$ cat query_25.tsv   # TSV, C-alpha atoms
chain	number	residue	atom	x	y	z
Z	1	MET	CA	109.88	69.22	93.12
Z	2	LYS	CA	112.68	71.70	92.44
Z	3	PRO	CA	112.31	75.35	93.62
Z	4	ASN	CA	112.01	76.71	90.07
Z	5	GLN	CA	109.34	74.09	89.28
Z	6	ARG	CA	107.37	75.10	92.40
Z	7	LEU	CA	107.64	78.78	91.38
Z	8	SER	CA	106.41	77.99	87.87
Z	9	LYS	CA	103.49	76.00	89.29
Z	10	ASN	CA	102.55	78.87	91.62
Z	11	VAL	CA	102.64	81.38	88.75
Z	12	TRP	CA	100.29	79.22	86.69
Z	13	SER	CA	98.04	78.69	89.71
Z	14	VAL	CA	97.67	82.45	90.20
Z	15	ARG	CA	97.14	82.99	86.47
Z	16	ASN	CA	94.44	80.31	86.36
Z	17	ARG	CA	92.72	81.81	89.40
Z	18	MET	CA	92.67	85.22	87.74
Z	19	GLU	CA	91.44	83.83	84.44
Z	20	GLU	CA	88.63	81.93	86.14
Z	21	ALA	CA	87.64	85.06	88.10
Z	22	ILE	CA	87.46	87.15	84.91
Z	23	ASN	CA	85.39	84.50	83.12
Z	24	ARG	CA	82.96	84.26	86.08
Z	25	TYR	CA	82.63	88.04	86.15
Z	26	LEU	CA	81.84	88.24	82.43
Z	27	LYS	CA	79.33	85.39	82.65
Z	28	THR	CA	77.61	86.83	85.74
Z	29	HIS	CA	77.02	90.23	84.16
Z	30	GLY	CA	76.67	89.19	80.54
Z	31	PHE	CA	79.60	91.36	79.43
Z	32	GLY	CA	81.65	90.42	76.41
Z	33	VAL	CA	84.98	91.74	77.64
Z	34	LEU	CA	86.82	93.18	80.64
Z	35	CYS	CA	88.86	96.05	79.25
Z	36	PRO	CA	89.57	98.56	82.04
Z	37	LYS	CA	90.68	102.12	81.40
Z	38	ALA	CA	90.72	103.08	85.08
Z	39	VAL	CA	91.44	101.59	88.50
Z	40	LEU	CA	89.27	103.01	91.29
Z	41	PHE	CA	90.85	102.75	94.75
Z	42	ASP	CA	89.22	103.04	98.13
Z	43	MET	CA	91.35	105.18	100.47
Z	44	ASP	CA	91.43	104.00	104.10
Z	45	GLY	CA	92.95	100.56	104.51
Z	46	VAL	CA	93.88	100.48	100.82
Z	47	LEU	CA	96.07	103.50	100.08
Z	48	TYR	CA	96.84	104.25	103.74
Z	49	ASP	CA	97.29	102.05	106.80
Z	50	SER	CA	94.77	104.27	108.55
Z	51	MET	CA	92.08	101.95	109.85
Z	52	PRO	CA	93.62	101.37	113.32
Z	53	ASN	CA	93.53	105.15	113.87
Z	54	HIS	CA	89.99	105.40	112.54
Z	55	ALA	CA	88.84	102.60	114.85
Z	56	VAL	CA	90.21	104.41	117.92
Z	57	ALA	CA	88.80	107.77	116.79
Z	58	TRP	CA	85.36	106.25	116.26
Z	59	GLN	CA	85.33	104.63	119.70
Z	60	ARG	CA	86.52	107.74	121.55
Z	61	SER	CA	84.32	110.22	119.71
Z	62	MET	CA	81.11	108.22	119.84
Z	63	ALA	CA	81.59	107.58	123.57
Z	64	THR	CA	81.26	111.34	124.14
Z	65	PHE	CA	77.72	111.08	122.70
Z	66	GLY	CA	76.79	107.97	124.67
Z	67	ILE	CA	77.24	105.64	121.71
Z	68	GLN	CA	79.18	102.41	122.16
Z	69	MET	CA	81.21	101.57	119.07
Z	70	THR	CA	83.75	98.76	118.93
Z	71	ALA	CA	86.78	98.32	116.69
Z	72	HIS	CA	84.84	95.58	114.90
Z	73	ASP	CA	82.01	98.06	114.23
Z	74	ALA	CA	84.52	100.49	112.73
Z	75	TYR	CA	85.90	97.87	110.34
Z	76	ALA	CA	82.45	96.46	109.50
Z	77	THR	CA	81.09	99.90	108.53
Z	78	GLU	CA	84.28	101.12	106.84
Z	79	GLY	CA	83.65	102.81	103.52
Z	80	ALA	CA	80.18	104.11	104.36
Z	81	ARG	CA	79.59	107.82	104.73
Z	82	GLY	CA	80.41	108.77	108.32
Z	83	VAL	CA	77.07	110.49	108.83
Z	84	ASP	CA	75.23	107.36	107.66
Z	85	THR	CA	77.14	105.20	110.15
Z	86	ILE	CA	76.35	107.62	112.97
Z	87	ARG	CA	72.64	107.82	112.15
Z	88	MET	CA	72.48	104.03	112.09
Z	89	MET	CA	74.27	103.66	115.45
Z	90	VAL	CA	72.11	106.31	117.13
Z	91	LYS	CA	68.95	104.61	115.84
Z	92	GLN	CA	70.12	101.20	117.06
Z	93	GLN	CA	71.30	102.28	120.50
Z	94	GLN	CA	69.14	105.28	121.37
Z	95	GLY	CA	66.05	104.54	119.28
Z	96	ARG	CA	65.88	107.96	117.70
Z	97	ASP	CA	66.26	109.36	114.21
Z	98	ILE	CA	68.68	112.25	113.88
Z	99	SER	CA	69.14	114.67	111.02
Z	100	GLU	CA	72.13	114.64	108.74
Z	101	GLN	CA	73.13	117.98	110.26
Z	102	GLU	CA	73.25	116.53	113.80
Z	103	ALA	CA	75.15	113.49	112.53
Z	104	GLN	CA	77.61	115.84	110.81
Z	105	LEU	CA	78.33	117.59	114.13
Z	106	MET	CA	79.08	114.22	115.70
Z	107	TYR	CA	81.24	113.25	112.73
Z	108	ASP	CA	83.18	116.49	113.13
Z	109	GLU	CA	84.21	115.26	116.59
Z	110	LYS	CA	85.34	111.96	115.11
Z	111	THR	CA	87.38	113.92	112.53
Z	112	ARG	CA	88.97	116.01	115.29
Z	113	GLN	CA	89.96	112.88	117.21
Z	114	PHE	CA	91.43	111.28	114.08
Z	115	HIS	CA	93.61	114.28	113.20
Z	116	GLN	CA	95.12	114.33	116.68
Z	117	MET	CA	96.80	111.01	115.93
Z	118	ALA	CA	100.01	110.30	114.06
Z	119	LYS	CA	99.69	110.49	110.28
Z	120	PRO	CA	99.16	106.97	108.85
Z	121	LYS	CA	101.68	105.63	106.38
Z	122	ILE	CA	101.11	104.81	102.73
Z	123	MET	CA	100.42	101.11	102.33
Z	124	PRO	CA	103.49	99.18	101.13
Z	125	GLY	CA	103.21	98.37	97.44
Z	126	VAL	CA	100.76	101.15	96.55
Z	127	LEU	CA	103.17	103.48	94.75
Z	128	GLU	CA	104.68	100.60	92.79
Z	129	LEU	CA	101.19	99.44	91.84
Z	130	MET	CA	100.14	102.90	90.66
Z	131	GLN	CA	103.27	103.16	88.54
Z	132	GLN	CA	102.43	99.85	86.86
Z	133	ILE	CA	98.84	100.99	86.30
Z	134	LYS	CA	100.11	104.18	84.68
Z	135	GLU	CA	102.47	102.19	82.47
Z	136	SER	CA	99.50	100.00	81.47
Z	137	GLY	CA	97.82	103.13	80.12
Z	138	MET	CA	95.08	103.26	82.76
Z	139	GLN	CA	93.83	106.12	84.92
Z	140	VAL	CA	93.94	106.13	88.72
Z	141	GLY	CA	90.86	107.24	90.65
Z	142	VAL	CA	89.89	107.27	94.33
Z	143	VAL	CA	86.40	106.58	95.69
Z	144	THR	CA	86.16	107.24	99.43
Z	145	GLY	CA	83.43	107.57	102.01
Z	146	SER	CA	85.41	110.40	103.57
Z	147	GLY	CA	84.93	114.06	102.78
Z	148	GLN	CA	87.61	115.51	105.04
Z	149	ARG	CA	89.57	118.17	103.19
Z	150	PRO	CA	92.93	117.43	104.89
Z	151	LEU	CA	92.71	113.80	103.74
Z	152	ILE	CA	91.83	114.80	100.17
Z	153	GLN	CA	94.76	117.21	100.13
Z	154	ARG	CA	97.07	114.50	101.36
Z	155	LEU	CA	95.93	112.25	98.50
Z	156	LEU	CA	96.81	115.00	96.05
Z	157	ASN	CA	100.22	115.50	97.65
Z	158	ASP	CA	101.19	111.84	98.04
Z	159	PHE	CA	99.95	110.64	94.64
Z	160	ALA	CA	100.41	113.77	92.54
Z	161	GLU	CA	102.07	111.78	89.75
Z	162	TYR	CA	99.03	109.55	89.33
Z	163	LEU	CA	95.96	111.39	90.62
Z	164	ASP	CA	94.19	114.74	90.34
Z	165	GLU	CA	91.16	116.12	92.17
Z	166	ALA	CA	88.83	115.58	89.22
Z	167	HIS	CA	89.29	111.82	89.72
Z	168	ILE	CA	88.51	111.76	93.47
Z	169	THR	CA	84.97	110.84	94.54
Z	170	THR	CA	84.07	111.74	98.15
Z	171	ALA	CA	81.09	111.50	100.49
Z	172	TYR	CA	79.91	114.87	99.20
Z	173	ASP	CA	79.56	113.61	95.61
Z	174	VAL	CA	76.73	111.20	96.44
Z	175	LYS	CA	73.60	111.07	98.57
Z	176	ARG	CA	73.87	107.34	99.14
Z	177	GLY	CA	77.25	106.00	100.21
Z	178	LYS	CA	78.68	102.49	100.21
Z	179	PRO	CA	77.36	99.73	100.18
Z	180	ASN	CA	75.18	101.35	97.51
Z	181	PRO	CA	76.75	101.42	94.03
Z	182	ASP	CA	76.44	105.21	93.77
Z	183	PRO	CA	80.03	106.12	94.79
Z	184	TYR	CA	81.57	103.80	92.19
Z	185	LEU	CA	79.07	104.83	89.54
Z	186	ALA	CA	80.17	108.42	90.25
Z	187	GLY	CA	83.78	107.25	89.97
Z	188	LEU	CA	83.06	105.80	86.53
Z	189	LYS	CA	81.54	109.10	85.47
Z	190	LYS	CA	84.55	111.08	86.70
Z	191	ALA	CA	86.86	108.71	84.82
Z	192	GLY	CA	85.18	109.69	81.54
Z	193	ASN	CA	81.68	108.18	81.63
Z	194	LEU	CA	83.09	104.66	81.59
Z	195	GLN	CA	81.05	101.48	81.50
Z	196	PRO	CA	81.43	98.97	84.38
Z	197	TRP	CA	83.62	96.62	82.30
Z	198	GLU	CA	86.00	99.51	81.68
Z	199	ALA	CA	87.25	99.74	85.27
Z	200	LEU	CA	88.57	97.83	88.26
Z	201	VAL	CA	87.76	98.50	91.92
Z	202	VAL	CA	90.29	97.95	94.74
Z	203	GLU	CA	88.69	97.64	98.17
Z	204	ASN	CA	89.41	96.23	101.61
Z	205	ALA	CA	86.06	96.46	103.41
Z	206	PRO	CA	82.80	94.50	103.10
Z	207	LEU	CA	80.65	97.58	102.38
Z	208	GLY	CA	83.11	98.79	99.75
Z	209	VAL	CA	83.32	95.40	98.06
Z	210	HIS	CA	79.53	95.26	98.02
Z	211	ALA	CA	79.40	98.72	96.42
Z	212	GLY	CA	81.89	97.80	93.69
Z	213	VAL	CA	80.07	94.57	92.90
Z	214	ALA	CA	76.70	96.36	92.93
Z	215	ALA	CA	78.11	98.78	90.35
Z	216	GLN	CA	78.99	95.68	88.24
Z	217	ILE	CA	82.70	96.52	88.30
Z	218	PHE	CA	85.38	93.81	88.60
Z	219	THR	CA	86.27	94.14	92.30
Z	220	VAL	CA	89.62	93.22	93.83
Z	221	ALA	CA	89.59	92.87	97.62
Z	222	VAL	CA	92.80	93.38	99.59
Z	223	ASN	CA	92.37	92.04	103.10
Z	224	THR	CA	94.38	94.53	105.15
Z	225	GLY	CA	92.09	94.35	108.20
Z	226	PRO	CA	91.07	91.77	110.83
Z	227	LEU	CA	88.01	90.39	109.04
Z	228	PRO	CA	88.28	86.90	107.45
Z	229	ASN	CA	88.53	86.46	103.68
Z	230	GLU	CA	85.12	84.79	103.76
Z	231	THR	CA	83.53	88.10	104.75
Z	232	LEU	CA	84.88	89.75	101.60
Z	233	ALA	CA	84.06	86.73	99.44
Z	234	ARG	CA	80.43	86.78	100.63
Z	235	GLU	CA	80.12	90.34	99.34
Z	236	GLY	CA	81.16	89.13	95.89
Z	237	ALA	CA	84.86	90.03	95.61
Z	238	ASN	CA	86.19	88.72	92.30
Z	239	LEU	CA	89.76	88.32	93.58
Z	240	ILE	CA	91.23	88.51	97.09
Z	241	PHE	CA	94.83	89.34	97.99
Z	242	PRO	CA	96.36	89.40	101.49
Z	243	THR	CA	98.19	92.74	101.07
Z	244	MET	CA	98.60	95.62	98.65
Z	245	GLN	CA	102.18	94.45	98.14
Z	246	ALA	CA	100.95	91.04	97.02
Z	247	PHE	CA	98.51	92.64	94.60
Z	248	SER	CA	101.25	94.86	93.20
Z	249	GLU	CA	103.47	91.83	92.66
Z	250	GLN	CA	100.70	90.06	90.71
Z	251	TRP	CA	99.60	93.09	88.69
Z	252	GLN	CA	101.54	92.08	85.58
Z	253	GLN	CA	99.77	88.72	85.48
Z	254	LEU	CA	96.36	90.38	85.71
Z	255	SER	CA	97.33	93.07	83.22
Z	256	LYS	CA	98.41	90.48	80.63
Z	257	LEU	CA	95.10	88.64	80.91
Z	258	ILE	CA	93.20	91.91	80.57
Z	259	GLN	CA	95.21	92.92	77.50
Z	260	LEU	CA	94.47	89.56	75.87
Z	261	GLY	CA	90.77	90.09	76.49
Z	262	CYS	CA	90.85	93.62	75.12
Z	263	ARG	CA	92.43	92.39	71.87
Z	264	SER	CA	90.01	89.51	71.38
$ encode --input "query_25.tsv" --output "structure tokens"
Amino acid sequence: MKPNQRLSKNVWSVRNRMEEAINRYLKTHGFGVLCPKAVLFDMDGVLYDSMPNHAVAWQRSMATFGIQMTAHDAYATEGARGVDTIRMMVKQQQGRDISEQEAQLMYDEKTRQFHQMAKPKIMPGVLELMQQIKESGMQVGVVTGSGQRPLIQRLLNDFAEYLDEAHITTAYDVKRGKPNPDPYLAGLKKAGNLQPWEALVVENAPLGVHAGVAAQIFTVAVNTGPLPNETLAREGANLIFPTMQAFSEQWQQLSKLIQLGCRS
């Protein structure tokens, strides 16, 4: 097979995979169309290559409170509200229930540890992807389990052309964080009271994928961490890409299929 024939075959393979994923999504939820007006991004591990720093900060900070937390724990609980993760770990390891206020004090130490580290870089492909989303006529939103003001301000600085504060959902906007659907339901509301079929979710973590799927939103998983694809697939991810760059490169294919559905 000639190189251009292989390329053409690969393009059709990706297109077919996307088309099948959209059809399965519509059938599963009983929706007539997928016609997104907004793309809702998770932050850590999606917009920024920040999870290695978070994993170290979690391990160091929790050790000061007698809690053992591994890098795997950090990735497995990524996307949840920090205070929820801490309350769960304390209950598991020390057998006691702590208040949200006590968990917040412990989370403040984790935040301090994180901000002592080098600033994580924007994920390759993200800015190009946001530009394509903007050109497609869609909004950009962020739905994060974080509530740290310096991180929110960095979002506003780095993505000022595509994002404003009214379209950022944080831990302080919901009582129940990921894997509950509440954060993404709040994201839909901030995007203009959209219906689930009027948005896409971009996630990299099992809890975040679960939250997007629970909100009945078409959920794209980008596997930027150490967990296997099967972990994300088990949570119901509609599509899985290996990197943000790969997703950006395939955006036009997905956008064309979406536009066809919107016109039908």
$ closest_atom_pairs --input "query_25.tsv" --of "stretch 22-78 of chain Z" --to "stretch 153-170 of chain Z" --cutoff "9 Å" --atoms "all atoms listed in the file" --output "JSON lines"
{"residue": "Z:Leu40", "atom": "CA", "partner": "Z:His167", "partner_atom": "CA", "distance": 8.9}
{"residue": "Z:Met43", "atom": "CA", "partner": "Z:Leu155", "partner_atom": "CA", "distance": 8.7}
{"residue": "Z:Leu47", "atom": "CA", "partner": "Z:Leu155", "partner_atom": "CA", "distance": 8.9}
$ write_last_selection --input "query_25.tsv" --atoms "C-alpha atoms" --output "tab-separated table (two decimals), in the coordinates of the input"
chain	number	residue	atom	x	y	z
Z	40	LEU	CA	89.27	103.01	91.29
Z	43	MET	CA	91.35	105.18	100.47
Z	47	LEU	CA	96.07	103.50	100.08
$ closest_atom_pairs --input "query_25.tsv" --of "stretch 83-135 of chain Z" --to "stretch 246-255 of chain Z" --cutoff "8 Å" --atoms "all atoms listed in the file" --output "CSV"
residue,atom,partner,partner_atom,distance
Z:Gly125,CA,Z:Ser248,CA,5.8
Z:Val126,CA,Z:Ser248,CA,7.1
Z:Glu128,CA,Z:Ser248,CA,6.7
Z:Leu129,CA,Z:Ser248,CA,4.8
Z:Gln132,CA,Z:Trp251,CA,7.6
$ closest_residue --input "query_25.tsv" --among "Z:Val46, Z:Ile22, Z:Ala57, Z:Ile98" --to "Z:Ile86" --atoms "all atoms listed in the file"
Z:Ile98
$ closest_residue --input "query_25.tsv" --among "Z:Gly236, Z:Gly261, Z:Gly225, Z:Gly177" --to "Z:Asp84" --atoms "all atoms listed in the file"
Z:Gly177
$ closest_residue --input "query_25.tsv" --among "Z:Ala205, Z:Ala76, Z:Ala215, Z:Leu257" --to "Z:Leu188" --atoms "only C-alpha atoms"
Z:Ala215
$ atom_distance --input "query_25.tsv" --atom1 "atom CA of Z:Ala191" --atom2 "atom CA of Z:Arg15"
27.7 Å
$ residues_around --input "query_25.tsv" --residues "stretch 25-39 of chain Z" --least-positions-apart "5" --cutoff "9 Å" --atoms "all atoms listed in the file" --output "PDB file with C-alpha atoms, in the coordinates of the input"
ATOM      1  CA  GLU Z  20      88.630  81.930  86.140  1.00  0.00           C
ATOM      2  CA  ILE Z 133      98.840 100.990  86.300  1.00  0.00           C
ATOM      3  CA  GLY Z 137      97.820 103.130  80.120  1.00  0.00           C
ATOM      4  CA  MET Z 138      95.080 103.260  82.760  1.00  0.00           C
ATOM      5  CA  GLN Z 139      93.830 106.120  84.920  1.00  0.00           C
ATOM      6  CA  VAL Z 140      93.940 106.130  88.720  1.00  0.00           C
ATOM      7  CA  GLY Z 141      90.860 107.240  90.650  1.00  0.00           C
ATOM      8  CA  VAL Z 142      89.890 107.270  94.330  1.00  0.00           C
ATOM      9  CA  LEU Z 188      83.060 105.800  86.530  1.00  0.00           C
ATOM     10  CA  ALA Z 191      86.860 108.710  84.820  1.00  0.00           C
ATOM     11  CA  LEU Z 194      83.090 104.660  81.590  1.00  0.00           C
ATOM     12  CA  PRO Z 196      81.430  98.970  84.380  1.00  0.00           C
ATOM     13  CA  TRP Z 197      83.620  96.620  82.300  1.00  0.00           C
ATOM     14  CA  GLU Z 198      86.000  99.510  81.680  1.00  0.00           C
ATOM     15  CA  ALA Z 199      87.250  99.740  85.270  1.00  0.00           C
ATOM     16  CA  LEU Z 200      88.570  97.830  88.260  1.00  0.00           C
ATOM     17  CA  VAL Z 201      87.760  98.500  91.920  1.00  0.00           C
ATOM     18  CA  VAL Z 202      90.290  97.950  94.740  1.00  0.00           C
ATOM     19  CA  GLN Z 216      78.990  95.680  88.240  1.00  0.00           C
ATOM     20  CA  ILE Z 217      82.700  96.520  88.300  1.00  0.00           C
ATOM     21  CA  PHE Z 218      85.380  93.810  88.600  1.00  0.00           C
ATOM     22  CA  ASN Z 238      86.190  88.720  92.300  1.00  0.00           C
ATOM     23  CA  ILE Z 258      93.200  91.910  80.570  1.00  0.00           C
ATOM     24  CA  GLN Z 259      95.210  92.920  77.500  1.00  0.00           C
ATOM     25  CA  GLY Z 261      90.770  90.090  76.490  1.00  0.00           C
ATOM     26  CA  CYS Z 262      90.850  93.620  75.120  1.00  0.00           C
ATOM     27  CA  ARG Z 263      92.430  92.390  71.870  1.00  0.00           C
ATOM     28  CA  SER Z 264      90.010  89.510  71.380  1.00  0.00           C
TER      29      SER Z 264
END
$ closest_residue --input "query_25.tsv" --among "Z:Phe41, Z:Val220, Z:Ala237, Z:Thr64" --to "Z:Pro183" --atoms "only C-alpha atoms"
Z:Phe41
$ closest_residue --input "query_25.tsv" --among "Z:Arg60, Z:Lys178, Z:Lys110, Z:His115" --to "Z:Asp42" --atoms "all atoms listed in the file"
Z:Lys178
$ residues_around --input "query_25.tsv" --residues "Z:Glu235" --least-positions-apart "2" --cutoff "7 Å" --atoms "all atoms listed in the file" --output "list in words"
Pro206, Val209, His210, Thr231, Leu232, Ala233 and Ala237 of chain Z
$ atom_distance --input "query_25.tsv" --atom1 "atom CA of Z:Arg81" --atom2 "atom CA of Z:Gly145"
4.7 Å
$ atom_distance --input "query_25.tsv" --atom1 "atom CA of Z:His72" --atom2 "atom CA of Z:Ala55"
8.1 Å
$ closest_residue --input "query_25.tsv" --among "Z:Thr224, Z:Ala21, Z:Met117, Z:Asp44" --to "Z:Ile152" --atoms "all atoms listed in the file"
Z:Asp44
$ residues_near_point --input "query_25.tsv" --point "(77.1, 101.6, 94.9)" --cutoff "9 Å" --atoms "only C-alpha atoms" --output "PyMOL selection string"
chain Z and resi 176-186+208+210-215
$ residues_around --input "query_25.tsv" --residues "stretch 111-113 of chain Z" --least-positions-apart "6" --cutoff "9 Å" --atoms "only C-alpha atoms" --output "ChimeraX atom specification"
/Z:54,56-58,60-61,148
$ residues_around --input "query_25.tsv" --residues "Z:Asn204" --least-positions-apart "6" --cutoff "6 Å" --atoms "all atoms listed in the file" --output "list in words"
Ala221, Val222 and Asn223 of chain Z
$ residues_around --input "query_25.tsv" --residues "Z:Ser50" --least-positions-apart "6" --cutoff "10 Å" --atoms "all atoms listed in the file" --output "list in words"
Met43, Asp44, Phe114, Ala118, Lys119, Pro120, Lys121, Ile122 and Met123 of chain Z
$ write_last_selection --input "query_25.tsv" --atoms "C-alpha atoms" --output "short mmCIF file (atom, residue, chain, number, x, y, z; two decimals), in the frame of the given file"
data_model
loop_
_atom_site.label_atom_id
_atom_site.label_comp_id
_atom_site.auth_asym_id
_atom_site.auth_seq_id
_atom_site.Cartn_x
_atom_site.Cartn_y
_atom_site.Cartn_z
CA MET Z 43 91.35 105.18 100.47
CA ASP Z 44 91.43 104.00 104.10
CA PHE Z 114 91.43 111.28 114.08
CA ALA Z 118 100.01 110.30 114.06
CA LYS Z 119 99.69 110.49 110.28
CA PRO Z 120 99.16 106.97 108.85
CA LYS Z 121 101.68 105.63 106.38
CA ILE Z 122 101.11 104.81 102.73
CA MET Z 123 100.42 101.11 102.33
#
$ build_atoms --input "query_25.tsv" --residues "stretch 120-132 of chain Z" --atoms "N, CA and C atoms" --output "mmCIF file, keeping the file's coordinate frame"
data_model
loop_
_atom_site.group_PDB
_atom_site.id
_atom_site.type_symbol
_atom_site.label_atom_id
_atom_site.label_comp_id
_atom_site.auth_asym_id
_atom_site.auth_seq_id
_atom_site.Cartn_x
_atom_site.Cartn_y
_atom_site.Cartn_z
ATOM 1 N N PRO Z 120 98.940 108.352 109.301
ATOM 2 C CA PRO Z 120 99.160 106.970 108.850
ATOM 3 C C PRO Z 120 100.047 106.912 107.613
ATOM 4 N N LYS Z 121 100.755 105.803 107.493
ATOM 5 C CA LYS Z 121 101.680 105.630 106.380
ATOM 6 C C LYS Z 121 100.965 105.115 105.133
ATOM 7 N N ILE Z 122 101.584 105.399 103.982
ATOM 8 C CA ILE Z 122 101.110 104.810 102.730
ATOM 9 C C ILE Z 122 101.303 103.304 102.801
ATOM 10 N N MET Z 123 100.320 102.566 102.325
ATOM 11 C CA MET Z 123 100.420 101.110 102.330
ATOM 12 C C MET Z 123 101.589 100.647 101.462
ATOM 13 N N PRO Z 124 102.410 99.731 101.948
ATOM 14 C CA PRO Z 124 103.490 99.180 101.130
ATOM 15 C C PRO Z 124 102.942 98.581 99.834
ATOM 16 N N GLY Z 125 103.598 98.910 98.738
ATOM 17 C CA GLY Z 125 103.210 98.370 97.440
ATOM 18 C C GLY Z 125 102.318 99.285 96.624
ATOM 19 N N VAL Z 126 101.723 100.304 97.262
ATOM 20 C CA VAL Z 126 100.760 101.150 96.550
ATOM 21 C C VAL Z 126 101.421 101.970 95.450
ATOM 22 N N LEU Z 127 102.525 102.631 95.759
ATOM 23 C CA LEU Z 127 103.170 103.480 94.750
ATOM 24 C C LEU Z 127 103.680 102.652 93.576
ATOM 25 N N GLU Z 128 104.223 101.485 93.868
ATOM 26 C CA GLU Z 128 104.680 100.600 92.790
ATOM 27 C C GLU Z 128 103.499 100.142 91.930
ATOM 28 N N LEU Z 129 102.379 99.863 92.571
ATOM 29 C CA LEU Z 129 101.190 99.440 91.840
ATOM 30 C C LEU Z 129 100.672 100.562 90.939
ATOM 31 N N MET Z 130 100.618 101.780 91.470
ATOM 32 C CA MET Z 130 100.140 102.900 90.660
ATOM 33 C C MET Z 130 101.047 103.161 89.466
ATOM 34 N N GLN Z 131 102.343 102.979 89.657
ATOM 35 C CA GLN Z 131 103.270 103.160 88.540
ATOM 36 C C GLN Z 131 102.993 102.131 87.442
ATOM 37 N N GLN Z 132 102.738 100.902 87.844
ATOM 38 C CA GLN Z 132 102.430 99.850 86.860
ATOM 39 C C GLN Z 132 101.103 100.138 86.146
#
